[in-house]
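**Student:** Handing you a structure now.
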Amino acid sequence: MPDPLLSAEAAARVKRLELFARSRVENHLKGAHRSRLKGHSTDFLQHRPYLPGDDIRALDWRVYARSDRLVIREREEFTALDVNIVLDCSASMNFASGAMTKFEFSRHCAALLAYLVINQRDRVGVAFASDRINRFIKSGGGNKHLAEVFRQLLACEPAGQTDLAACTRQLLQFAEKRSLFLFFSDCYQDPAALGRSLGILARAKHDVIVYQVYDPAEADLPYNGFTLFRDVETGRIDPADPQEIRTAYLEAFRRHARELKSTAMSYGVEFHPLPVTANWESALAQLLHERATLA
Amino acid sequence: MTLLHPLALAGLVAAATPVAIYLLLRRRKTEIQWGAGYLLRLALASKKRSSLWRQFIVLTVRSLILALAALLIAQPFRPGHNASSDTPALPDRAVHRVVLFDNSRSMTVADAGAGATRLERARRAAGALLLSDRPGDTLDFIPLIPRRGGVFDSVALDGKIDDNHAEHSLAAIPTRDGQIALEPALAAAMTRLALTPGSAGEIYLFSDFPRELETQIAALSWFAPLARERGVRVAPVSMIGPAGATSEQNVSIDSATLGTDLLVAGVSTRLYIDASNHSDRQAVAVFDVAASNIPLRRQTVRLNPDERKRIAIPLTLPAGAGQIISVAVTPTRLATQGTRSLVVDVKDALDVWLVADEKDPASPAMSGGTGDDAAPDDTEFFRRAVKLRKDQSPGIRLRSARMNELTLPIPANVDAIVLAGPRYTTPAIAKPLLDFVRRGGGLFITASPAIQLPAFNENLAALLPAPLDKPMREKIDPEIFLQAQVDPRPSTSGGVTEPLFEEFAAQGADGPQSDLPQARFYDHYRLHDMESLAGVVLRLSNGDPLLIEKHVGRGRVYFFASTLGVEWTSLPVRQSYIPLLTRIFSAAATGRVLPLNLQPGATFIAPWPVKGAVTLSLADQSTRTVDVLDAAAGQFIVLDDLRDAGLYRIADSTGHRGAFTIAGGGVENDLRSLPRSAKAQLAAALGADIFLDWTAAVKALGPAGATAPLWPWLLAAILVLYLFETWFVRTI
């Protein structure tokens, strides 16, 4: 793969992993994921009483012979998974203490996941979010679609403020089918409001996974001396001595992450903190592996 | 609470260091782009209220730690019930103290605000040391100015002594004029301490640390290492008052001289006073000149800080022997530096022989008549000028003499002889003239075109400053002439530097003397070896000598390279003619009187009319009896090696009186202490700080009876505060 977003090594590393939707999904393409629809596969699902109009080919004659009752034998349907990757492209994602910004890190992760999804014959879509959905690529499959996804990922530049709550309302309108939503965001906003918005998605039977991408410096505040902190989103300057506020800041960081996680869990949303690292493919692979194991 | 090192309290300034660092760091801001502004604002909102208090507490604690550290270095202690503010603590074993006592004259002044003289303050401090002496202790006093010959007349005391003994011992240390000998005194002190190896050694230096010490500091390099090696405690203590001596005006008279020892009644001379302002402020100095039979002369001069000036005061004295001229200046701080005396003999008139050329039959001097109808030669011109201008030559009794009179012994009452351009000279006149000059007579030789050079140079070789060469010009041209100027180099007589003929210099002249530079000299004799010629008093504008002085025996010879009359010069028609010749005569006849104002170390010789003994009152008001020396030629008083400057008076039982002076004043004219940098060098050389006064020294050395140093408590407090600060910063 010549695209700089995804190296061959990274692709090879995650190729054997699979992205599973936790809930059943529905799609017109047949894929590897169990659908909530009953279909014609060989996997038994359940028996139910015959109702007029049912296809008599589905009658379980063996049961009828033994019990003189007409029952329908239902089988599971396998469908393709719709994965929508929501990438936070607000200005705060443009922060980096090292070589890579949070946005670049998220972009690489999104590219890897898109490749993974397409590779397992599922469909992938991408939404670029700040205080609204700036651009939405409808889910699709195939290498041509993957190339378009990559092109849009490369074209995007972070700007504006974060408001994922507003973005989720738009996503509800865009998502026609039940999908898996993967959020890559620093989530620097009120956890309760964010949780409520994500909960709406979850109640709409979508699977929602939130990756909180943060820079290690944001977790440690490793500065000394009197410093002017210029907020990259608002431009506001907050003067402070990092030594003096470090304890309070770290406490605020931990509390924010805790609240995000608890709120997400209460709404049935998965939450994973994801620190920016140079070895980003390993970090993401680790997360996917854990998830596959749990599944 | 008392502090051993109060200067260390300056370290309290360090208490401001944490605040300064805090403010400095707040000034040095760095700006970064920050992504998690949302979280930062959450943290700031929770910290905002407690942050200021926390910073205040941390800064206060840190400042307190530094302040206590400064206090710790200052070594505070609580005085005990029997603490003494006068006496340093004594060690547990026997102590040998050596007190180097500055006994110079400068110690006798009282500084503003001190309430006592420096000497009294030093004696008080030394008295306290004396009274704290225990049995077994030793105390030596060594004056810093030794006796003549370099002997330190020290006072050694052993054991407990009473107050009277202490007072007597201290009073026995005399003050002296002279140079402080610090290095030999320190060497003597170390030698004394070496005699008591079992005792603790202490050296106290009580002095005003005058500026003259600056030159001695380099020689003290050996002292501090040796004192450290032997464990000797050194305590230099300044005895200058709290205000110091720098702010008080102090003018000294460095020297006072007259143009000559021989003064003629009614003839004006000049008194030259060299004075210096030894203070850091401008001074308005008032000079008073007093002598018997003349009104007080007063002159006011403004002197800048550290400025030295020469002041010339015109003086005309009436006749009389042994007259004393007193000079005093105010403001001055030390009597020995603010007054000077001079003793002069003032003759009523000078007896001058005017010798005419015998070979000139036309000379009226030959016949003794006035000869107004004849063309006057040089001698006649001069004689007439003196007669016409009697007011300008009040001190000259002129007598014409023939050349052959010089072949006979010249009478003793003749003060000077004028040999005016003699055409012929013979060995017969040279010998009596030489004897006359050797005995103190003055000889004034002038040139003329008629001089027969070979015989002149040969016969008068012993009297002339150099052989005459030839006249400058073959023919007189009224348009070509030279002018005279006073040679800037002073002449010397008997060791006394005289600013001879300075009153005729253009810039200092006034009255009839002022027109000497306007006189024209159309021709003159040049001399051999003019470049190396010494004693030139007047020079012509081309650099050739015009008036040259030569000392022969006790007398002086003056040679004038031009004519006494108007043949080669216009000087005789100038106002300065008679005053100049009068001045030359009195300078030439100086040998007729014995020097009365001597340099230190000179020998005083004076005839005395009565046999027996005389009483000599010395400069320091002490007296001693001197035997009159009975010689074949008469009775003389001879005093050798007189060094103490001042006025000496001689008197005998018959009422005869005399006086003379030794030049110079006190060695210490500048009563200010060493400059700060030099004081620091001296402290380094001594290996000890110089204490500002005795109280400070006692505090620093630890007062006797002092107890309970407070440093353990301070150290504990610092430790507690440090632990609290560490806990607070990490925990809160």
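By convention in this document, the chains of the structure tokens carry letters A, B, ... by their order, each chain's residues are numbered from 1, and ligands are numbered from 1 in the order they are shown.
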Would you tabulate, counting only C-alpha atoms, all residues of chain B that have an atom at most 6 Å from an atom of chain A, showing the closest pair of atoms and their distance in Å to one decimal, sorted by chain then ascending number, as CSV?
**Tutor:**
residue,atom,partner,partner_atom,distance
B:Arg26,CA,A:Phe226,CA,5.6
B:Lys29,CA,A:Phe226,CA,5.3
B:Thr30,CA,A:Thr227,CA,4.9
B:Glu31,CA,A:Leu228,CA,4.4
B:Ile32,CA,A:Phe229,CA,5.4
B:Gln33,CA,A:Arg230,CA,4.9
B:Trp34,CA,A:Asp231,CA,5.0
B:Gly35,CA,A:Ser92,CA,4.5
B:Gly37,CA,A:Asp231,CA,5.2
B:Tyr38,CA,A:Tyr188,CA,6.0
B:Ala43,CA,A:Tyr249,CA,4.7
**Student:** Among stretch 397-591 of chain B, which residues carry a DSSP assignment of strand (DSSP E), reported as a ChimeraX atom specification?
**Tutor:** /B:397-402,416-420,442-447,468-471,482-486,491-493,496-498,520-521,525-527,536-540,545-552,555-563
**Student:** Could you give me, as number ranges by chain, the residues within 7 Å of stretch 44-58 of chain A, counting only C-alpha atoms and dropping anything in the same chain fewer than 3 positions from it?
**Tutor:** A: 70-76
**Student:** Just list the residues in stretch 18-197 of chain A DSSP gives helix (DSSP H, G or I) on the backbone, as an MDAnalysis selection string.
**Tutor:** chainID A and resid 56:58 61:67 91:94 102:119 143:155 164:174 191:197
**Student:** Using only C-alpha atoms, find the one residue out of B:Ala659, B:Ala122, B:Leu598, B:Ala10 that sits nearest to B:Asp644.
**Tutor:** B:Leu598
**Student:** Identify which of the residues B:Met239, B:Val251, B:Leu44, B:Ile311 lies closest to B:Gln337, counting only C-alpha atoms when measuring atom-to-atom distances.
**Tutor:**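 With only C-alpha atoms as the atom set, the closest residue is B:Val251.
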**Student:** Expressed in Å to a single decimal, how great is the separation between atom CA of A:His108 and atom CA of A:Ala192?
**Tutor:** 28.3 Å
